[in-house]
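Structure data follow from entry.cif (mmCIF, C-alpha atoms and all ligand atoms):
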```cif
data_protein
#
loop_
_atom_site.label_atom_id
_atom_site.label_comp_id
_atom_site.auth_asym_id
_atom_site.auth_seq_id
_atom_site.Cartn_x
_atom_site.Cartn_y
_atom_site.Cartn_z
CA MET B 1 116.61 36.69 43.81
CA ASP B 2 113.39 34.85 44.43
CA ILE B 3 112.38 33.23 41.18
CA THR B 4 109.75 30.92 42.61
CA LYS B 5 107.38 33.46 44.12
CA SER B 6 104.08 31.73 44.80
CA GLY B 7 105.39 28.66 43.02
CA TYR B 8 105.26 30.50 39.69
CA VAL B 9 108.21 31.29 37.43
CA SER B 10 107.66 33.59 34.46
CA ILE B 11 109.37 32.74 31.18
CA TYR B 12 111.08 36.12 31.30
CA ILE B 13 112.60 35.55 34.75
CA PHE B 14 113.57 32.01 33.82
CA ASP B 15 115.33 33.28 30.68
CA VAL B 16 117.23 35.94 32.64
CA PHE B 17 118.23 33.41 35.28
CA VAL B 18 119.49 30.93 32.66
CA ARG B 19 121.61 33.62 31.02
CA LEU B 20 123.07 34.82 34.30
CA PHE B 21 123.97 31.43 35.69
CA ALA B 22 125.15 29.73 32.47
CA PRO B 23 126.23 27.19 31.38
CA TRP B 24 122.99 25.23 31.57
CA LYS B 25 124.78 22.02 32.44
CA ASN B 26 126.06 23.52 35.72
CA ILE B 27 123.34 26.08 36.36
CA ASN B 28 122.51 24.87 39.85
CA LYS B 29 126.15 24.72 40.93
CA VAL B 30 126.91 28.13 39.42
CA TRP B 31 123.94 29.65 41.22
CA LEU B 32 124.95 28.12 44.56
CA THR B 33 128.68 28.87 44.21
CA LEU B 34 128.82 32.22 42.45
CA GLY B 35 125.36 33.60 43.19
CA TYR B 36 123.85 32.46 46.42
CA SER B 37 126.89 32.30 48.67
CA HIS B 38 129.68 34.30 47.02
CA ALA B 39 130.99 37.45 48.75
CA ALA B 40 131.37 39.31 45.45
CA PHE B 41 127.76 38.68 44.37
CA LYS B 42 125.65 41.82 44.75
CA ALA B 43 122.23 41.10 43.33
CA SER B 44 120.69 44.50 42.85
CA MET B 45 123.49 47.01 43.27
CA THR B 46 123.55 49.94 40.85
CA TYR B 47 126.52 51.28 38.89
CA ASP B 48 127.02 54.15 41.32
CA GLU B 49 126.60 52.00 44.42
CA ALA B 50 129.21 49.53 43.16
CA ALA B 51 131.66 52.35 42.37
CA GLN B 52 131.11 53.92 45.76
CA ARG B 53 131.54 50.68 47.65
CA LEU B 54 134.78 49.72 45.89
CA GLU B 55 136.34 53.16 46.29
CA SER B 56 136.89 52.49 49.97
CA LEU B 57 138.29 48.97 49.45
CA ASP B 58 141.77 47.70 48.49
CA ILE B 59 143.09 47.63 44.92
CA GLY B 60 142.01 44.32 43.35
CA SER B 61 138.69 44.26 45.18
CA PHE B 62 135.83 43.27 42.93
CA LEU B 63 132.15 42.53 42.90
CA TYR B 64 129.59 41.58 40.30
CA ARG B 65 126.03 42.68 39.90
CA MET B 66 123.24 42.21 37.41
CA SER B 67 123.62 44.83 34.69
CA ALA B 68 120.78 47.35 34.59
CA THR B 69 121.42 48.21 30.94
CA LYS B 70 121.99 44.70 29.58
CA ILE B 71 119.38 42.40 31.06
CA GLY B 72 120.61 38.87 31.69
CA GLN B 73 124.25 39.92 31.83
CA TRP B 74 126.69 40.58 34.61
CA ALA B 75 128.60 43.78 35.24
CA ILE B 76 131.86 43.16 37.04
CA ALA B 77 133.25 46.10 39.00
CA TYR B 78 136.81 46.22 40.25
CA ARG B 79 139.12 48.66 41.95
CA THR B 80 142.31 49.59 40.13
CA GLU B 81 145.15 51.78 41.32
CA TYR B 82 143.42 54.91 40.08
CA ASN B 83 139.71 54.28 39.91
CA VAL B 84 136.86 51.79 39.82
CA LEU B 85 136.13 50.16 36.45
CA GLN B 86 133.02 48.23 35.48
CA SER B 87 132.72 45.93 32.51
CA ILE B 88 130.27 43.47 31.00
CA PRO B 89 131.76 40.13 29.94
CA GLU B 90 130.77 39.51 26.33
CA LYS B 91 130.33 35.94 25.12
CA GLN B 92 131.63 34.55 28.38
CA ASN B 93 129.79 33.06 31.27
CA LEU B 94 130.47 34.47 34.73
CA ALA B 95 132.93 31.74 35.71
CA GLU B 96 134.95 32.25 32.50
CA ALA B 97 135.04 36.01 33.05
CA LEU B 98 136.19 35.52 36.65
CA ILE B 99 138.94 33.09 35.57
CA GLU B 100 140.27 35.75 33.21
CA GLY B 101 140.23 38.51 35.83
CA VAL B 102 141.63 36.36 38.63
CA SER B 103 144.45 35.19 36.33
CA ASP B 104 145.56 38.67 35.31
CA GLY B 105 145.20 40.10 38.81
CA ARG B 106 142.21 42.36 38.29
CA TYR B 107 139.95 40.37 40.61
CA ARG B 108 141.80 39.54 43.80
CA TYR B 109 139.53 40.26 46.74
CA PRO B 110 135.83 39.43 46.56
CA ASP B 111 134.10 42.47 48.06
CA GLY B 112 137.45 43.44 49.60
CA ARG B 113 137.89 40.18 51.53
CA GLN B 114 141.37 38.70 51.72
CA GLU B 115 140.38 35.33 50.34
CA ASN B 116 141.52 33.69 47.13
CA THR B 117 139.12 32.64 44.44
CA ASP B 118 139.74 29.03 43.43
CA ILE B 119 140.35 28.90 39.67
CA GLY B 120 139.95 25.13 39.64
CA VAL B 121 136.41 25.44 40.95
CA LEU B 122 135.67 28.18 38.41
CA ALA B 123 137.04 26.08 35.56
CA VAL B 124 134.69 23.22 36.48
CA LEU B 125 131.74 25.61 36.71
CA ALA B 126 132.55 27.30 33.38
CA LYS B 127 132.72 24.09 31.41
CA ASP B 128 129.81 23.39 29.15
CA GLU B 129 129.62 20.52 26.71
CA TYR B 130 131.79 21.35 23.77
CA GLU B 131 134.74 19.93 21.96
CA GLU B 132 138.07 21.59 22.63
CA ILE B 133 140.23 22.45 19.63
CA GLU B 134 143.83 23.33 20.33
CA VAL B 135 145.05 26.37 18.41
CA PRO B 136 148.36 25.60 16.67
CA GLU B 137 151.35 27.60 17.85
CA GLU B 138 152.34 28.66 14.39
CA ASN B 139 150.04 31.28 12.88
CA TRP B 140 149.84 30.49 9.15
CA TYR B 141 147.21 33.14 8.63
CA LYS B 142 149.20 36.13 9.84
CA PRO B 143 150.39 37.11 6.33
CA ILE B 144 146.77 37.61 5.24
CA GLY B 145 145.72 39.38 8.43
CA SER B 146 143.69 36.47 9.72
CA THR B 147 143.92 33.96 12.57
CA PHE B 148 143.41 30.23 12.91
CA GLU B 149 140.20 30.88 14.83
CA GLN B 150 138.62 33.11 12.20
CA CYS B 151 136.05 31.44 9.92
CA LYS B 152 137.67 30.99 6.52
CA LEU B 153 134.40 31.27 4.64
CA CYS B 154 133.16 34.67 5.80
CA TYR B 155 136.09 36.24 7.69
CA ASP B 156 133.35 37.75 9.86
CA HIS B 157 132.93 35.28 12.68
CA VAL B 158 134.97 32.95 14.81
CA LYS B 159 134.71 29.26 13.96
CA ASN B 160 132.31 27.57 16.32
CA VAL B 161 131.25 24.32 14.73
CA LYS B 162 133.11 21.18 13.73
CA LEU B 163 131.71 18.86 11.10
CA GLU B 164 131.95 15.12 11.42
CA PRO B 165 133.47 12.98 10.07
CA CYS B 166 135.61 15.30 7.84
CA GLY B 167 136.63 17.52 10.76
CA HIS B 168 136.33 20.87 8.96
CA LEU B 169 135.62 23.97 11.07
CA SER B 170 133.39 26.91 10.24
CA CYS B 171 130.92 29.27 11.84
CA VAL B 172 127.26 28.29 12.17
CA GLU B 173 126.10 31.23 10.02
CA CYS B 174 128.17 30.03 7.05
CA LEU B 175 127.04 26.46 7.53
CA ARG B 176 123.41 27.57 7.54
CA LYS B 177 123.87 29.65 4.36
CA TRP B 178 125.67 26.80 2.63
CA ARG B 179 122.90 24.38 3.45
CA MET B 180 120.22 26.75 2.22
CA GLN B 181 122.13 27.15 -1.03
CA GLU B 182 122.55 23.39 -1.34
CA ALA B 183 118.83 22.78 -0.82
CA ASN B 184 119.42 21.49 2.70
CA LYS B 185 121.86 18.79 1.72
CA THR B 186 123.98 18.00 4.74
CA THR B 187 127.38 18.33 3.12
CA CYS B 188 130.54 20.12 4.19
CA PRO B 189 131.14 23.48 2.45
CA PHE B 190 134.88 22.76 2.21
CA CYS B 191 135.06 19.19 0.94
CA ARG B 192 131.42 18.32 0.17
CA GLU B 193 131.63 15.17 2.20
CA GLU B 194 128.33 14.07 3.71
CA ASP B 195 128.15 15.16 7.37
CA ARG B 196 126.81 12.83 9.99
CA SER B 197 126.97 15.26 12.88
CA SER B 198 128.42 18.53 14.09
CA ALA B 199 129.88 19.59 17.42
CA THR B 200 130.11 22.95 19.15
CA ILE B 201 133.76 23.86 19.61
CA LYS B 202 135.85 26.06 21.81
CA PHE B 203 139.49 26.98 21.29
CA THR B 204 142.20 26.22 23.80
CA TYR B 205 145.81 27.31 23.89
CA LYS B 206 148.85 25.44 25.10
CA PRO B 207 149.18 26.46 28.76
CA ASP B 208 152.98 26.68 28.72
CA GLU B 209 153.04 28.79 25.62
CA LYS B 210 154.17 32.38 26.15
CA ARG B 211 151.53 33.86 23.91
CA LYS B 212 150.86 37.52 23.65
CA LYS B 213 147.93 38.09 25.97
CA THR B 214 144.76 39.02 24.17
CA PRO B 215 142.82 41.85 25.75
CA PRO B 216 139.92 40.75 27.97
CA LYS B 217 136.70 40.04 26.10
CA THR B 218 134.84 42.76 27.89
CA ILE B 219 133.40 46.11 26.96
CA PRO B 220 133.28 49.05 29.32
CA GLU B 221 130.04 49.30 31.24
CA GLU B 222 128.68 52.75 30.65
CA ASN B 223 126.11 54.60 32.63
CA SER B 224 122.66 54.15 31.18
CA SER B 225 122.34 57.54 29.42
CA PRO B 226 121.37 57.23 25.72
CA LYS B 227 124.43 59.27 24.72
CA SER B 228 126.84 56.80 26.28
CA ALA B 229 124.84 53.86 24.89
CA LEU B 230 125.27 55.36 21.43
CA LYS B 231 128.98 55.82 22.08
CA THR B 232 129.25 52.14 23.04
CA MET B 233 127.34 51.09 19.94
CA THR B 234 129.45 53.14 17.53
CA SER B 235 132.65 51.90 19.12
CA LEU B 236 131.50 48.35 18.41
CA SER B 237 131.53 48.70 14.62
CA PRO B 238 133.14 45.65 12.97
CA PRO B 239 136.85 45.76 12.14
CA ALA B 240 138.15 45.98 8.59
CA ARG B 241 138.39 42.60 6.87
CA PRO B 242 139.40 41.09 3.59
CA PRO B 243 136.95 41.75 0.72
CA LYS B 244 134.26 39.14 0.25
CA PRO B 245 133.30 37.47 -2.99
CA GLY B 246 130.07 38.74 -4.56
CA ARG B 247 128.06 35.63 -3.90
CA PHE B 248 128.47 32.98 -1.28
CA SER B 249 131.02 30.64 -2.85
CA PRO B 250 132.92 28.86 -0.11
CA ILE B 251 134.46 26.25 -2.38
CA ALA B 252 136.56 28.85 -4.17
CA PRO B 253 137.49 31.57 -1.69
CA THR B 254 139.22 34.58 -3.19
CA ILE B 255 141.84 34.69 -0.47
CA ARG B 256 143.79 31.62 0.40
CA ALA B 257 146.31 30.95 3.09
CA PRO B 258 149.65 29.48 1.99
CA ASP B 259 148.43 25.89 2.10
CA PRO B 260 147.84 25.36 5.83
CA PRO B 261 146.62 22.04 7.18
CA GLU B 262 143.11 23.47 7.56
CA PHE B 263 140.68 21.47 9.64
ZN ZN B 301 131.69 31.99 8.61
ZN ZN B 302 134.76 18.86 5.16
#
```
Just dump the structure as structure tokens.
Ligand SMILES: [Zn+2]
Ligand SMILES: [Zn+2]
Amino acid sequence: MDITKSGYVSIYIFDVFVRLFAPWKNINKVWLTLGYSHAAFKASMTYDEAAQRLESLDIGSFLYRMSATKIGQWAIAYRTEYNVLQSIPEKQNLAEALIEGVSDGRYRYPDGRQENTDIGVLAVLAKDEYEEIEVPEENWYKPIGSTFEQCKLCYDHVKNVKLEPCGHLSCVECLRKWRMQEANKTTCPFCREEDRSSATIKFTYKPDEKRKKTPPKTIPEENSSPKSALKTMTSLSPPARPPKPGRFSPIAPTIRAPDPPEF
């Protein structure tokens, strides 16, 4: 992909490039390692071309191409025992998506080549600046159908911000609503302590833990017909969740976990 044609880069192309080769911190390395020189990188292949190419290759062969239906996102195609599947990693950068597929054996051979993809290199490329929060082994929230990661103010989103110095976790949407309600005071919605800063967080799990594997964070890549797009959209309706209080009142949530050490 030539993004510097005549020394000019459009904002649109720049935006697409930044999304494709995220995270920003490693964008040059990601582009060189996973874009420019990687065997599995197929810049402008279509859905049908990818399927056709992989059909003749070994099981575990994979390639990735720029999605034609979701601009700025990758579609990863891989050959299984029975057919070729294509999926778009949601909320993951390319390196994170590859780590997941390499780990569970979906992505073994880049474009059919018998060479191993180095997870260590991918892990370095995937890492953006965020604070890692280790998820406790014991799931206190199971009895109420929730998880540690779920935001305890809205039950809609995953926690993604940590407040300092109190250390409470919530999602950015709830924090924004709380601050609007509090006339932009910078307090914590849980303990009302004054916040000095906040950090973006990402959950990690103990590596030795034999956790039940969560399904990959990908959705099936459909062909670009409106019918299938509609099917994808309807299948993405939000899951059932605990009822919410009438107004936004995070201090007194209606549903409480049995006294967990929330942070
Ligand atoms: Zn929330
Ligand atoms: Zn707090």
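The interatomic distance for the pair atom CA of Asn93 of chain B and atom CA of Ala22 of chain B works out to 5.8 Å.
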*To one decimal in Å, tell me the separation between atom CA of Val172 of chain B and atom CA of Ser198 of chain B.*
10.0 Å
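Distance check against Pro136 of chain B using all atoms listed in the file: of B:Ser61, B:Ser10, B:Thr33, B:Thr204, the minimum falls on B:Thr204.
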*Show me which residues sit within 12 Å of ligand ZN 301 (chain B) when counting only C-alpha atoms and all ligand atoms, and put them as an MDAnalysis selection string.*
chainID B and resid 149:161 169:178 189:190 244 248:250 253
*Once you count only C-alpha atoms and all ligand atoms, which residues end up within 9 Å of ligand ZN 302 (chain B), and could you hand them over as a PyMOL selection string?*
chain B and resi 163-169+187-195+263
*Pairwise distance for atom CA of Asp58 of chain B and atom CA of Gly112 of chain B, rounded to one decimal in Å*: 6.2 Å
6 Å per side around segment 18-33 of chain B: axis-aligned box centre and edge lengths, as lines of an AutoDock Vina configuration file:
```
center_x = 124.1
center_y = 28.4
center_z = 37.8
size_x = 21.2
size_y = 24.8
size_z = 25.5
```
*Quick one: of B:Thr46, B:Phe62, B:Ser197, B:Gln92, who's nearest to Lys127 of chain B, counting all atoms listed in the file?*
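Ranked by minimum distance to Lys127 of chain B, first place goes to B:Gln92.
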Please produce segment 84-98 of chain B, completed to N, CA and C atoms, as a PDB file, keeping the file's coordinate frame.
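Wrote it out as part_19.pdb, contents follow:
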```pdb
ATOM      1  N   VAL B  84     137.673  53.006  39.871  1.00  0.00           N
ATOM      2  CA  VAL B  84     136.860  51.790  39.820  1.00  0.00           C
ATOM      3  C   VAL B  84     136.360  51.613  38.386  1.00  0.00           C
ATOM      4  N   LEU B  85     136.588  50.428  37.815  1.00  0.00           N
ATOM      5  CA  LEU B  85     136.130  50.160  36.450  1.00  0.00           C
ATOM      6  C   LEU B  85     135.009  49.123  36.506  1.00  0.00           C
ATOM      7  N   GLN B  86     134.105  49.209  35.541  1.00  0.00           N
ATOM      8  CA  GLN B  86     133.020  48.230  35.480  1.00  0.00           C
ATOM      9  C   GLN B  86     132.885  47.758  34.047  1.00  0.00           C
ATOM     10  N   SER B  87     132.812  46.447  33.873  1.00  0.00           N
ATOM     11  CA  SER B  87     132.720  45.930  32.510  1.00  0.00           C
ATOM     12  C   SER B  87     131.733  44.779  32.440  1.00  0.00           C
ATOM     13  N   ILE B  88     131.227  44.562  31.233  1.00  0.00           N
ATOM     14  CA  ILE B  88     130.270  43.470  31.000  1.00  0.00           C
ATOM     15  C   ILE B  88     130.980  42.389  30.190  1.00  0.00           C
ATOM     16  N   PRO B  89     131.112  41.179  30.722  1.00  0.00           N
ATOM     17  CA  PRO B  89     131.760  40.130  29.940  1.00  0.00           C
ATOM     18  C   PRO B  89     130.893  39.776  28.724  1.00  0.00           C
ATOM     19  N   GLU B  90     131.503  39.836  27.558  1.00  0.00           N
ATOM     20  CA  GLU B  90     130.770  39.510  26.330  1.00  0.00           C
ATOM     21  C   GLU B  90     131.118  38.086  25.921  1.00  0.00           C
ATOM     22  N   LYS B  91     130.119  37.305  25.602  1.00  0.00           N
ATOM     23  CA  LYS B  91     130.330  35.940  25.120  1.00  0.00           C
ATOM     24  C   LYS B  91     131.100  35.076  26.106  1.00  0.00           C
ATOM     25  N   GLN B  92     130.978  35.378  27.361  1.00  0.00           N
ATOM     26  CA  GLN B  92     131.630  34.550  28.380  1.00  0.00           C
ATOM     27  C   GLN B  92     130.599  34.350  29.473  1.00  0.00           C
ATOM     28  N   ASN B  93     130.627  33.184  30.090  1.00  0.00           N
ATOM     29  CA  ASN B  93     129.790  33.060  31.270  1.00  0.00           C
ATOM     30  C   ASN B  93     130.549  33.642  32.460  1.00  0.00           C
ATOM     31  N   LEU B  94     129.865  33.782  33.584  1.00  0.00           N
ATOM     32  CA  LEU B  94     130.470  34.470  34.730  1.00  0.00           C
ATOM     33  C   LEU B  94     131.757  33.787  35.177  1.00  0.00           C
ATOM     34  N   ALA B  95     131.738  32.456  35.253  1.00  0.00           N
ATOM     35  CA  ALA B  95     132.930  31.740  35.710  1.00  0.00           C
ATOM     36  C   ALA B  95     134.115  31.974  34.777  1.00  0.00           C
ATOM     37  N   GLU B  96     133.866  31.990  33.474  1.00  0.00           N
ATOM     38  CA  GLU B  96     134.950  32.250  32.500  1.00  0.00           C
ATOM     39  C   GLU B  96     135.498  33.658  32.682  1.00  0.00           C
ATOM     40  N   ALA B  97     134.604  34.619  32.875  1.00  0.00           N
ATOM     41  CA  ALA B  97     135.040  36.010  33.050  1.00  0.00           C
ATOM     42  C   ALA B  97     135.866  36.145  34.333  1.00  0.00           C
ATOM     43  N   LEU B  98     135.448  35.441  35.383  1.00  0.00           N
ATOM     44  CA  LEU B  98     136.190  35.520  36.650  1.00  0.00           C
ATOM     45  C   LEU B  98     137.572  34.875  36.505  1.00  0.00           C
TER      46      LEU B  98
END
```
